[in-house]
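**Q** Below is the file run-v9.pdb, with PDB, C-alpha atoms.
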```
ATOM      1  CA  MET F  66     -54.060  78.998 -27.667  1.00  0.00           C
ATOM      2  CA  THR F  67     -55.798  75.976 -29.148  1.00  0.00           C
ATOM      3  CA  LEU F  68     -52.792  75.508 -31.411  1.00  0.00           C
ATOM      4  CA  PHE F  69     -50.416  75.567 -28.447  1.00  0.00           C
ATOM      5  CA  LEU F  70     -52.544  73.122 -26.469  1.00  0.00           C
ATOM      6  CA  ARG F  71     -52.632  70.652 -29.341  1.00  0.00           C
ATOM      7  CA  THR F  72     -48.881  70.890 -29.505  1.00  0.00           C
ATOM      8  CA  CYS F  73     -48.277  70.701 -25.703  1.00  0.00           C
ATOM      9  CA  LEU F  74     -50.772  67.913 -25.441  1.00  0.00           C
ATOM     10  CA  LEU F  75     -38.699  59.656 -33.757  1.00  0.00           C
ATOM     11  CA  GLY F  76     -37.328  56.428 -34.734  1.00  0.00           C
ATOM     12  CA  LEU F  77     -34.572  54.020 -33.655  1.00  0.00           C
ATOM     13  CA  ALA F  78     -31.016  55.390 -33.633  1.00  0.00           C
ATOM     14  CA  ALA F  79     -27.741  53.545 -34.034  1.00  0.00           C
ATOM     15  CA  SER F  80     -25.900  52.532 -30.879  1.00  0.00           C
ATOM     16  CA  ALA F  81     -23.379  55.361 -31.155  1.00  0.00           C
ATOM     17  CA  ALA F  82     -26.120  57.941 -31.644  1.00  0.00           C
ATOM     18  CA  MET F  83     -28.114  56.586 -28.694  1.00  0.00           C
ATOM     19  CA  SER F  84     -25.020  56.852 -26.509  1.00  0.00           C
ATOM     20  CA  ALA F  85     -24.489  60.487 -27.490  1.00  0.00           C
ATOM     21  CA  THR F  86     -28.182  61.220 -26.944  1.00  0.00           C
ATOM     22  CA  ALA F  87     -28.033  59.748 -23.443  1.00  0.00           C
ATOM     23  CA  GLY F  88     -25.209  62.150 -22.614  1.00  0.00           C
ATOM     24  CA  ASP F  89     -27.143  65.083 -24.041  1.00  0.00           C
ATOM     25  CA  ALA F  90     -30.206  64.097 -22.022  1.00  0.00           C
ATOM     26  CA  GLN F  91     -28.119  64.077 -18.852  1.00  0.00           C
ATOM     27  CA  SER F  92     -26.717  67.507 -19.735  1.00  0.00           C
ATOM     28  CA  LEU F  93     -30.227  68.917 -20.200  1.00  0.00           C
ATOM     29  CA  LYS F  94     -31.463  67.246 -17.036  1.00  0.00           C
ATOM     30  CA  GLN F  95     -28.630  68.835 -15.046  1.00  0.00           C
ATOM     31  CA  ARG F  96     -29.519  72.278 -16.417  1.00  0.00           C
ATOM     32  CA  LEU F  97     -33.193  71.846 -15.577  1.00  0.00           C
ATOM     33  CA  ALA F  98     -32.298  70.595 -12.086  1.00  0.00           C
ATOM     34  CA  THR F  99     -31.005  74.085 -11.282  1.00  0.00           C
ATOM     35  CA  ILE F 100     -34.464  75.499 -12.067  1.00  0.00           C
ATOM     36  CA  ASP F 101     -36.706  74.304  -9.242  1.00  0.00           C
ATOM     37  CA  SER F 102     -39.092  77.146 -10.073  1.00  0.00           C
ATOM     38  CA  LEU F 103     -39.361  79.818 -12.744  1.00  0.00           C
ATOM     39  CA  SER F 104     -41.550  82.756 -13.647  1.00  0.00           C
ATOM     40  CA  ALA F 105     -41.257  84.711 -16.901  1.00  0.00           C
ATOM     41  CA  LYS F 106     -43.055  86.736 -19.520  1.00  0.00           C
ATOM     42  CA  PHE F 107     -43.270  85.292 -23.023  1.00  0.00           C
ATOM     43  CA  GLU F 108     -43.815  86.460 -26.576  1.00  0.00           C
ATOM     44  CA  GLN F 109     -45.266  83.848 -28.926  1.00  0.00           C
ATOM     45  CA  THR F 110     -45.040  83.611 -32.717  1.00  0.00           C
ATOM     46  CA  VAL F 111     -46.563  80.712 -34.658  1.00  0.00           C
ATOM     47  CA  ILE F 112     -45.259  80.066 -38.179  1.00  0.00           C
ATOM     48  CA  ASP F 113     -46.937  77.548 -40.463  1.00  0.00           C
ATOM     49  CA  ILE F 114     -45.359  75.064 -42.861  1.00  0.00           C
ATOM     50  CA  ASN F 115     -45.242  77.781 -45.546  1.00  0.00           C
ATOM     51  CA  ASP F 116     -43.260  80.164 -43.268  1.00  0.00           C
ATOM     52  CA  LYS F 117     -46.320  82.370 -42.789  1.00  0.00           C
ATOM     53  CA  ILE F 118     -47.032  83.923 -39.391  1.00  0.00           C
ATOM     54  CA  ILE F 119     -50.475  82.663 -38.374  1.00  0.00           C
ATOM     55  CA  GLN F 120     -50.595  83.712 -34.716  1.00  0.00           C
ATOM     56  CA  GLN F 121     -48.852  86.032 -32.281  1.00  0.00           C
ATOM     57  CA  GLY F 122     -49.453  86.453 -28.599  1.00  0.00           C
ATOM     58  CA  SER F 123     -48.005  87.213 -25.214  1.00  0.00           C
ATOM     59  CA  GLY F 124     -48.478  86.323 -21.583  1.00  0.00           C
ATOM     60  CA  VAL F 125     -46.817  84.961 -18.472  1.00  0.00           C
ATOM     61  CA  PHE F 126     -45.892  81.495 -17.327  1.00  0.00           C
ATOM     62  CA  SER F 127     -44.465  79.802 -14.264  1.00  0.00           C
ATOM     63  CA  LEU F 128     -43.275  76.298 -13.487  1.00  0.00           C
ATOM     64  CA  ALA F 129     -42.145  74.410 -10.420  1.00  0.00           C
ATOM     65  CA  TYR F 130     -41.037  70.886  -9.596  1.00  0.00           C
ATOM     66  CA  PRO F 131     -42.660  68.517  -9.497  1.00  0.00           C
ATOM     67  CA  ASN F 132     -45.296  68.718 -12.241  1.00  0.00           C
ATOM     68  CA  LYS F 133     -46.594  72.240 -11.652  1.00  0.00           C
ATOM     69  CA  PHE F 134     -47.207  74.615 -14.521  1.00  0.00           C
ATOM     70  CA  TYR F 135     -49.019  77.916 -15.022  1.00  0.00           C
ATOM     71  CA  TRP F 136     -49.602  79.339 -18.483  1.00  0.00           C
ATOM     72  CA  HIS F 137     -51.615  82.542 -18.909  1.00  0.00           C
ATOM     73  CA  LEU F 138     -52.046  83.827 -22.450  1.00  0.00           C
ATOM     74  CA  THR F 139     -53.196  87.442 -22.219  1.00  0.00           C
ATOM     75  CA  GLU F 140     -53.021  88.508 -25.883  1.00  0.00           C
ATOM     76  CA  PRO F 141     -54.714  88.251 -28.312  1.00  0.00           C
ATOM     77  CA  ASP F 142     -57.347  86.104 -26.527  1.00  0.00           C
ATOM     78  CA  GLU F 143     -57.140  85.199 -22.859  1.00  0.00           C
ATOM     79  CA  SER F 144     -56.776  81.566 -21.835  1.00  0.00           C
ATOM     80  CA  LEU F 145     -55.235  79.765 -18.892  1.00  0.00           C
ATOM     81  CA  ILE F 146     -53.597  76.396 -18.211  1.00  0.00           C
ATOM     82  CA  VAL F 147     -52.802  75.295 -14.652  1.00  0.00           C
ATOM     83  CA  ALA F 148     -51.136  72.003 -13.703  1.00  0.00           C
ATOM     84  CA  ASP F 149     -51.413  71.592  -9.934  1.00  0.00           C
ATOM     85  CA  GLY F 150     -49.257  68.479  -9.641  1.00  0.00           C
ATOM     86  CA  GLN F 151     -52.190  66.093 -10.026  1.00  0.00           C
ATOM     87  CA  ASP F 152     -54.564  67.508 -12.634  1.00  0.00           C
ATOM     88  CA  VAL F 153     -54.387  69.944 -15.540  1.00  0.00           C
ATOM     89  CA  TRP F 154     -57.025  72.677 -15.806  1.00  0.00           C
ATOM     90  CA  VAL F 155     -57.657  74.518 -19.073  1.00  0.00           C
ATOM     91  CA  TYR F 156     -59.835  77.621 -18.787  1.00  0.00           C
ATOM     92  CA  ASN F 157     -61.330  79.475 -21.733  1.00  0.00           C
ATOM     93  CA  PRO F 158     -62.995  82.656 -20.386  1.00  0.00           C
ATOM     94  CA  PHE F 159     -64.602  83.509 -23.739  1.00  0.00           C
ATOM     95  CA  ALA F 160     -66.322  80.107 -23.991  1.00  0.00           C
ATOM     96  CA  GLU F 161     -66.931  80.038 -20.223  1.00  0.00           C
ATOM     97  CA  GLU F 162     -65.596  76.494 -20.119  1.00  0.00           C
ATOM     98  CA  VAL F 163     -63.084  74.596 -18.004  1.00  0.00           C
ATOM     99  CA  THR F 164     -61.541  71.318 -19.151  1.00  0.00           C
ATOM    100  CA  VAL F 165     -59.794  69.150 -16.552  1.00  0.00           C
ATOM    101  CA  MET F 166     -57.709  66.068 -17.280  1.00  0.00           C
ATOM    102  CA  GLY F 167     -55.322  63.842 -15.387  1.00  0.00           C
ATOM    103  CA  LEU F 168     -51.739  65.040 -15.304  1.00  0.00           C
ATOM    104  CA  ASN F 169     -50.318  61.880 -16.877  1.00  0.00           C
ATOM    105  CA  ASP F 170     -52.782  61.972 -19.748  1.00  0.00           C
ATOM    106  CA  ALA F 171     -52.087  65.653 -20.370  1.00  0.00           C
ATOM    107  CA  ILE F 172     -48.296  65.778 -20.408  1.00  0.00           C
ATOM    108  CA  ALA F 173     -46.861  62.270 -20.687  1.00  0.00           C
ATOM    109  CA  ALA F 174     -47.137  62.427 -24.486  1.00  0.00           C
ATOM    110  CA  SER F 175     -45.556  65.877 -24.776  1.00  0.00           C
ATOM    111  CA  PRO F 176     -41.858  66.751 -24.718  1.00  0.00           C
ATOM    112  CA  MET F 177     -42.824  69.760 -22.586  1.00  0.00           C
ATOM    113  CA  ALA F 178     -43.248  67.242 -19.759  1.00  0.00           C
ATOM    114  CA  LEU F 179     -39.480  67.220 -19.264  1.00  0.00           C
ATOM    115  CA  LEU F 180     -39.511  70.853 -18.109  1.00  0.00           C
ATOM    116  CA  VAL F 181     -41.432  69.921 -14.957  1.00  0.00           C
ATOM    117  CA  ASN F 182     -40.554  66.260 -14.479  1.00  0.00           C
ATOM    118  CA  GLN F 183     -37.370  64.480 -13.380  1.00  0.00           C
ATOM    119  CA  ASP F 184     -38.929  61.009 -13.486  1.00  0.00           C
ATOM    120  CA  GLU F 185     -36.681  58.499 -15.275  1.00  0.00           C
ATOM    121  CA  GLN F 186     -39.620  56.738 -16.945  1.00  0.00           C
ATOM    122  CA  THR F 187     -40.841  59.998 -18.486  1.00  0.00           C
ATOM    123  CA  TRP F 188     -37.367  60.943 -19.709  1.00  0.00           C
ATOM    124  CA  ALA F 189     -36.900  57.510 -21.275  1.00  0.00           C
ATOM    125  CA  GLN F 190     -39.784  58.275 -23.647  1.00  0.00           C
ATOM    126  CA  TYR F 191     -37.777  61.037 -25.383  1.00  0.00           C
ATOM    127  CA  LEU F 192     -34.550  61.439 -27.300  1.00  0.00           C
ATOM    128  CA  VAL F 193     -32.471  64.517 -26.496  1.00  0.00           C
ATOM    129  CA  SER F 194     -29.852  65.963 -28.832  1.00  0.00           C
ATOM    130  CA  GLN F 195     -27.745  69.025 -28.082  1.00  0.00           C
ATOM    131  CA  THR F 196     -28.006  71.237 -31.172  1.00  0.00           C
ATOM    132  CA  GLN F 197     -25.922  74.203 -30.039  1.00  0.00           C
ATOM    133  CA  SER F 198     -23.231  74.637 -27.462  1.00  0.00           C
ATOM    134  CA  ASN F 199     -20.782  77.461 -26.796  1.00  0.00           C
ATOM    135  CA  ALA F 200     -19.487  79.413 -23.842  1.00  0.00           C
ATOM    136  CA  ASN F 201     -22.800  81.159 -23.143  1.00  0.00           C
ATOM    137  CA  ALA F 202     -25.611  79.445 -25.059  1.00  0.00           C
ATOM    138  CA  SER F 203     -26.854  75.906 -25.499  1.00  0.00           C
ATOM    139  CA  CYS F 204     -29.909  74.389 -27.184  1.00  0.00           C
ATOM    140  CA  TYR F 205     -31.461  70.915 -27.007  1.00  0.00           C
ATOM    141  CA  LEU F 206     -33.881  69.135 -29.333  1.00  0.00           C
ATOM    142  CA  ILE F 207     -36.413  66.846 -27.626  1.00  0.00           C
ATOM    143  CA  GLU F 208     -38.423  64.335 -29.654  1.00  0.00           C
ATOM    144  CA  PRO F 209     -40.389  61.125 -28.966  1.00  0.00           C
ATOM    145  CA  ASN F 210     -38.359  57.943 -28.542  1.00  0.00           C
ATOM    146  CA  LEU F 211     -40.543  55.414 -30.370  1.00  0.00           C
ATOM    147  CA  ALA F 212     -38.199  52.610 -29.352  1.00  0.00           C
ATOM    148  CA  ASN F 213     -38.916  53.171 -25.663  1.00  0.00           C
ATOM    149  CA  GLY F 214     -42.599  53.958 -25.302  1.00  0.00           C
ATOM    150  CA  GLY F 215     -42.681  57.412 -26.888  1.00  0.00           C
ATOM    151  CA  ASN F 216     -45.926  58.583 -28.425  1.00  0.00           C
ATOM    152  CA  ASP F 217     -46.194  57.340 -32.030  1.00  0.00           C
ATOM    153  CA  VAL F 218     -49.186  59.540 -32.918  1.00  0.00           C
ATOM    154  CA  SER F 219     -47.932  63.024 -32.175  1.00  0.00           C
ATOM    155  CA  GLN F 220     -44.585  63.824 -33.769  1.00  0.00           C
ATOM    156  CA  THR F 221     -44.206  66.993 -31.702  1.00  0.00           C
ATOM    157  CA  LYS F 222     -40.642  68.181 -31.176  1.00  0.00           C
ATOM    158  CA  VAL F 223     -39.387  70.821 -28.764  1.00  0.00           C
ATOM    159  CA  ASN F 224     -36.196  72.867 -28.931  1.00  0.00           C
ATOM    160  CA  VAL F 225     -35.161  74.580 -25.677  1.00  0.00           C
ATOM    161  CA  CYS F 226     -32.355  77.116 -25.330  1.00  0.00           C
ATOM    162  CA  PHE F 227     -30.395  78.474 -22.390  1.00  0.00           C
ATOM    163  CA  ASP F 228     -28.103  81.400 -21.739  1.00  0.00           C
ATOM    164  CA  GLY F 229     -25.927  79.942 -19.023  1.00  0.00           C
ATOM    165  CA  ASP F 230     -28.469  78.319 -16.688  1.00  0.00           C
ATOM    166  CA  THR F 231     -31.288  80.669 -17.708  1.00  0.00           C
ATOM    167  CA  LEU F 232     -34.031  79.313 -19.948  1.00  0.00           C
ATOM    168  CA  THR F 233     -34.392  81.952 -22.668  1.00  0.00           C
ATOM    169  CA  GLN F 234     -36.525  80.463 -25.419  1.00  0.00           C
ATOM    170  CA  PHE F 235     -38.185  77.348 -26.725  1.00  0.00           C
ATOM    171  CA  ALA F 236     -39.872  76.301 -29.937  1.00  0.00           C
ATOM    172  CA  ILE F 237     -42.489  73.619 -30.568  1.00  0.00           C
ATOM    173  CA  LEU F 238     -42.773  71.939 -33.960  1.00  0.00           C
ATOM    174  CA  ASP F 239     -46.047  70.030 -34.214  1.00  0.00           C
ATOM    175  CA  GLU F 240     -47.162  67.216 -36.493  1.00  0.00           C
ATOM    176  CA  GLN F 241     -48.778  69.692 -38.898  1.00  0.00           C
ATOM    177  CA  GLY F 242     -45.530  71.563 -39.453  1.00  0.00           C
ATOM    178  CA  ASN F 243     -46.461  74.613 -37.342  1.00  0.00           C
ATOM    179  CA  ASN F 244     -43.527  76.118 -35.464  1.00  0.00           C
ATOM    180  CA  SER F 245     -44.527  77.871 -32.232  1.00  0.00           C
ATOM    181  CA  GLN F 246     -41.667  80.058 -31.011  1.00  0.00           C
ATOM    182  CA  PHE F 247     -41.540  81.470 -27.490  1.00  0.00           C
ATOM    183  CA  SER F 248     -39.100  84.141 -26.326  1.00  0.00           C
ATOM    184  CA  LEU F 249     -38.802  84.610 -22.556  1.00  0.00           C
ATOM    185  CA  SER F 250     -37.979  87.738 -20.560  1.00  0.00           C
ATOM    186  CA  GLU F 251     -37.906  88.919 -16.944  1.00  0.00           C
ATOM    187  CA  GLN F 252     -37.077  85.425 -15.688  1.00  0.00           C
ATOM    188  CA  SER F 253     -37.076  85.030 -11.925  1.00  0.00           C
ATOM    189  CA  LYS F 254     -37.438  82.422  -9.209  1.00  0.00           C
ATOM    190  CA  LEU F 255     -40.889  82.065  -7.661  1.00  0.00           C
ATOM    191  CA  ASP F 256     -41.307  83.198  -4.079  1.00  0.00           C
ATOM    192  CA  VAL F 257     -43.325  81.101  -1.632  1.00  0.00           C
ATOM    193  CA  GLU F 258     -46.475  83.205  -1.982  1.00  0.00           C
ATOM    194  CA  SER F 259     -46.477  82.845  -5.764  1.00  0.00           C
ATOM    195  CA  HIS F 260     -46.960  79.065  -5.564  1.00  0.00           C
ATOM    196  CA  THR F 261     -50.670  79.752  -5.163  1.00  0.00           C
ATOM    197  CA  LEU F 262     -50.628  80.225  -8.955  1.00  0.00           C
ATOM    198  CA  PHE F 263     -50.771  76.440  -9.225  1.00  0.00           C
ATOM    199  CA  GLU F 264     -54.039  76.243  -7.275  1.00  0.00           C
ATOM    200  CA  PHE F 265     -56.852  76.564  -9.791  1.00  0.00           C
ATOM    201  CA  VAL F 266     -60.244  77.710  -8.493  1.00  0.00           C
ATOM    202  CA  VAL F 267     -63.122  76.972 -10.866  1.00  0.00           C
ATOM    203  CA  PRO F 268     -65.008  80.210 -11.635  1.00  0.00           C
ATOM    204  CA  GLU F 269     -68.729  80.350 -11.052  1.00  0.00           C
ATOM    205  CA  ASP F 270     -71.178  79.692 -13.879  1.00  0.00           C
ATOM    206  CA  VAL F 271     -68.798  77.869 -16.220  1.00  0.00           C
ATOM    207  CA  ASP F 272     -69.216  74.514 -17.950  1.00  0.00           C
ATOM    208  CA  ILE F 273     -66.833  71.796 -16.749  1.00  0.00           C
ATOM    209  CA  ASP F 274     -65.584  69.098 -19.109  1.00  0.00           C
ATOM    210  CA  ASP F 275     -64.033  66.493 -16.801  1.00  0.00           C
ATOM    211  CA  GLN F 276     -61.842  64.167 -18.846  1.00  0.00           C
ATOM    212  CA  ARG F 277     -60.113  62.503 -15.919  1.00  0.00           C
ATOM    213  CA  VAL F 278     -60.147  58.716 -16.024  1.00  0.00           C
ATOM    214  CA  PRO F 279     -61.718  57.311 -12.847  1.00  0.00           C
ATOM    215  CA  VAL F 280     -59.358  55.259 -10.699  1.00  0.00           C
ATOM    216  CA  GLU F 281     -60.550  51.675 -10.455  1.00  0.00           C
ATOM    217  CA  GLY F 282     -61.123  50.633  -6.891  1.00  0.00           C
TER     218      GLY F 282
END
```
Write the structure described by the file as structure tokens, please.
**A**
Amino acid sequence: MTLFLRTCLLGLAASAAMSATAGDAQSLKQRLATIDSLSAKFEQTVIDINDKIIQQGSGVFSLAYPNKFYWHLTEPDESLIVADGQDVWVYNPFAEEVTVMGLNDAIAASPMALLVNQDEQTWAQYLVSQTQSNANASCYLIEPNLANGGNDVSQTKVNVCFDGDTLTQFAILDEQGNNSQFSLSEQSKLDVESHTLFEFVVPEDVDIDDQRVPVEG
């Protein structure tokens, strides 16, 4: 899970390319707008730069607009990420530690932010290119837009794929060349009761690493 967190937490294009990218971004945004909430199971495979499988896992995740995210890795080692709309909580049961950070600090530099954010300023930080399109399937590549405030340290890229309007898979390519592939199943819309998933309760007797930046008064 550390590998995924590092990933979840590229240059100027010509005018014609930027125009096409803007259209692709709008296409992706329209698809995501139909998903105001989502719950699914996932299977994860991480492949390194030498095409060697270095990690496999499984779990469940949910998301909801705006800025809410629940990621529970159950195999091989349990870990949990919860974004409640304001803060992001990362819980490692084995280490008995909780890390909490501000939402903007946690996701603004990651292309994954677009899955839970419709804010124009956030979208402007990324370039979107449609890499596959046919009657049933479509895929989009998301990468930092260095010309418009995108993060110039992490070169993380995300590829998301749909079957119709259903999000079916995504892959994250990090700056070290690791490709984390996620296949989704049993997708469904969250019911009202399930939104409690985004309310993280700190367990007893755990260490808390609070990385939130205090708001100046």
**Q** Residues near segment 115-122 of chain F, anyone? I mean within 9 Å using only C-alpha atoms, not counting same-chain ones fewer than 2 positions away, as a list in words.
**A**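 That gives Met66, Phe107, Glu108, Gln109, Thr110, Val111, Ile112, Asp113, Gly124, Leu138, Thr139, Glu140, Pro141, Asp142, Gly242, Asn243, Asn244 and Ser245 of chain F.
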**Q** When the PyMOL selection byres ((chain F and resi 254) around 7) is applied to the file above, which residues end up in the set, as JSON, numbers by chain?
**A** {"F": [102, 103, 104, 253, 255, 256]}
**Q** Record the distance separating atom CA of Phe126 of chain F and atom CA of Gln91 of chain F, expressed in Å with one decimal.
**A** 24.9 Å
**Q** Counting only C-alpha atoms, I want the residues whose atoms come within 9 Å of (-46.0, 67.5, -9.1) in the file frame, returned as number ranges by chain.
**A** F: 129-133, 148-151, 168, 181-182
**Q** I need the output of the PyMOL selection byres ((chain F and resi 236) around 6) for this file as a list of chain:residue names; which residues are they?
**A**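 Matching residues under the PyMOL selection byres ((chain F and resi 236) around 6) are F:Val223, F:Asn224, F:Phe235, F:Ile237, F:Ser245, F:Gln246, F:Phe247.
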**Q** Fewer than 4 positions away in the same chain doesn't count, so skip those; otherwise give me all residues within 12 Å of Pro268 of chain F, counting all atoms listed in the file, as a short mmCIF file (atom, residue, chain, number, x, y, z; two decimals) with C-alpha atoms, in the coordinates of the input.
**A**
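This went into result-v2.cif:
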```cif
data_model
loop_
_atom_site.label_atom_id
_atom_site.label_comp_id
_atom_site.auth_asym_id
_atom_site.auth_seq_id
_atom_site.Cartn_x
_atom_site.Cartn_y
_atom_site.Cartn_z
CA TRP F 154 -57.02 72.68 -15.81
CA VAL F 155 -57.66 74.52 -19.07
CA TYR F 156 -59.84 77.62 -18.79
CA ASN F 157 -61.33 79.47 -21.73
CA PRO F 158 -63.00 82.66 -20.39
CA GLU F 161 -66.93 80.04 -20.22
CA GLU F 162 -65.60 76.49 -20.12
CA VAL F 163 -63.08 74.60 -18.00
CA ASP F 272 -69.22 74.51 -17.95
CA ILE F 273 -66.83 71.80 -16.75
#
```
**Q** Hey, which of F:Asn169, F:Leu211, F:Lys106, F:Ser123 ends up closest to Thr233 of chain F? Count only C-alpha atoms.
**A** F:Lys106
**Q** Using only C-alpha atoms, which protein or nucleic acid residues come within 7 Å of Lys222 of chain F? Drop anything in the same chain fewer than 3 positions from it, and give the result as a list in words.
**A**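 So, after excluding close chain neighbours, the residues are Pro176, Ile207, Glu208, Ile237, Leu238 and Asp239 of chain F.
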**Q** Between atom CA of Asp228 of chain F and atom CA of Ala202 of chain F, measure the distance and give it in Å to one decimal.
**A**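 Spanning atom CA of Asp228 of chain F to atom CA of Ala202 of chain F is a straight-line distance of 4.6 Å.
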**Q** With all atoms listed in the file counted, which protein, DNA or RNA residues have an atom no more than 10 Å from (-29.8, 65.7, -24.5) in the file frame? Please answer as a PDB file with C-alpha atoms, in the frame of the given file.
**A**
```
ATOM      1  CA  ALA F  85     -24.489  60.487 -27.490  1.00  0.00           C
ATOM      2  CA  THR F  86     -28.182  61.220 -26.944  1.00  0.00           C
ATOM      3  CA  ALA F  87     -28.033  59.748 -23.443  1.00  0.00           C
ATOM      4  CA  GLY F  88     -25.209  62.150 -22.614  1.00  0.00           C
ATOM      5  CA  ASP F  89     -27.143  65.083 -24.041  1.00  0.00           C
ATOM      6  CA  ALA F  90     -30.206  64.097 -22.022  1.00  0.00           C
ATOM      7  CA  GLN F  91     -28.119  64.077 -18.852  1.00  0.00           C
ATOM      8  CA  SER F  92     -26.717  67.507 -19.735  1.00  0.00           C
ATOM      9  CA  LEU F  93     -30.227  68.917 -20.200  1.00  0.00           C
ATOM     10  CA  LYS F  94     -31.463  67.246 -17.036  1.00  0.00           C
ATOM     11  CA  TYR F 191     -37.777  61.037 -25.383  1.00  0.00           C
ATOM     12  CA  LEU F 192     -34.550  61.439 -27.300  1.00  0.00           C
ATOM     13  CA  VAL F 193     -32.471  64.517 -26.496  1.00  0.00           C
ATOM     14  CA  SER F 194     -29.852  65.963 -28.832  1.00  0.00           C
ATOM     15  CA  GLN F 195     -27.745  69.025 -28.082  1.00  0.00           C
ATOM     16  CA  THR F 196     -28.006  71.237 -31.172  1.00  0.00           C
ATOM     17  CA  CYS F 204     -29.909  74.389 -27.184  1.00  0.00           C
ATOM     18  CA  TYR F 205     -31.461  70.915 -27.007  1.00  0.00           C
ATOM     19  CA  LEU F 206     -33.881  69.135 -29.333  1.00  0.00           C
ATOM     20  CA  ILE F 207     -36.413  66.846 -27.626  1.00  0.00           C
TER      21      ILE F 207
END
```
**Q** Neighbours of Phe134 of chain F within 6 Å (all atoms listed in the file; same-chain residues fewer than 6 positions away dropped), as a PyMOL selection string?
**A** chain F and resi 127-128+147-148
**Q** Between atom CA of Ser259 of chain F and atom CA of Leu145 of chain F, what is the distance, to one decimal in Å?
**A**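 Value for the atom CA of Ser259 of chain F-atom CA of Leu145 of chain F distance: 16.1 Å.
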**Q** Missing atoms in segment 126-131 of chain F need filling: write out all heavy atoms for it as a short mmCIF file (atom, residue, chain, number, x, y, z; two decimals), in the coordinates of the input.
**A**
```
data_model
loop_
_atom_site.label_atom_id
_atom_site.label_comp_id
_atom_site.auth_asym_id
_atom_site.auth_seq_id
_atom_site.Cartn_x
_atom_site.Cartn_y
_atom_site.Cartn_z
N PHE F 126 -45.82 82.88 -17.74
CA PHE F 126 -45.89 81.50 -17.33
C PHE F 126 -44.96 81.25 -16.15
O PHE F 126 -44.01 82.00 -15.90
CB PHE F 126 -45.57 80.56 -18.50
CG PHE F 126 -44.13 80.13 -18.61
CD1 PHE F 126 -43.73 78.88 -18.21
CD2 PHE F 126 -43.18 81.00 -19.13
CE1 PHE F 126 -42.41 78.48 -18.32
CE2 PHE F 126 -41.86 80.62 -19.25
CZ PHE F 126 -41.47 79.34 -18.84
N SER F 127 -45.28 80.21 -15.40
CA SER F 127 -44.46 79.80 -14.26
C SER F 127 -44.42 78.28 -14.24
O SER F 127 -45.36 77.61 -14.70
CB SER F 127 -45.05 80.32 -12.94
OG SER F 127 -45.13 81.73 -12.93
N LEU F 128 -43.35 77.74 -13.68
CA LEU F 128 -43.28 76.30 -13.49
C LEU F 128 -42.55 76.01 -12.19
O LEU F 128 -41.79 76.84 -11.68
CB LEU F 128 -42.59 75.62 -14.68
CG LEU F 128 -41.17 76.01 -15.07
CD1 LEU F 128 -40.12 75.28 -14.24
CD2 LEU F 128 -40.93 75.73 -16.54
N ALA F 129 -42.81 74.84 -11.65
CA ALA F 129 -42.14 74.41 -10.42
C ALA F 129 -42.14 72.89 -10.38
O ALA F 129 -43.07 72.24 -10.87
CB ALA F 129 -42.86 74.99 -9.19
N TYR F 130 -41.10 72.34 -9.79
CA TYR F 130 -41.04 70.89 -9.60
C TYR F 130 -41.80 70.53 -8.33
O TYR F 130 -41.74 71.27 -7.34
CB TYR F 130 -39.58 70.43 -9.46
CG TYR F 130 -38.84 70.38 -10.76
CD1 TYR F 130 -37.84 71.30 -11.03
CD2 TYR F 130 -39.14 69.42 -11.72
CE1 TYR F 130 -37.14 71.27 -12.24
CE2 TYR F 130 -38.45 69.38 -12.92
CZ TYR F 130 -37.46 70.30 -13.17
OH TYR F 130 -36.79 70.27 -14.37
N PRO F 131 -42.48 69.37 -8.33
CA PRO F 131 -42.66 68.52 -9.50
C PRO F 131 -44.02 68.76 -10.16
O PRO F 131 -45.03 68.98 -9.49
CB PRO F 131 -42.62 67.10 -8.89
CG PRO F 131 -43.23 67.28 -7.52
CD PRO F 131 -42.87 68.69 -7.08
#
```
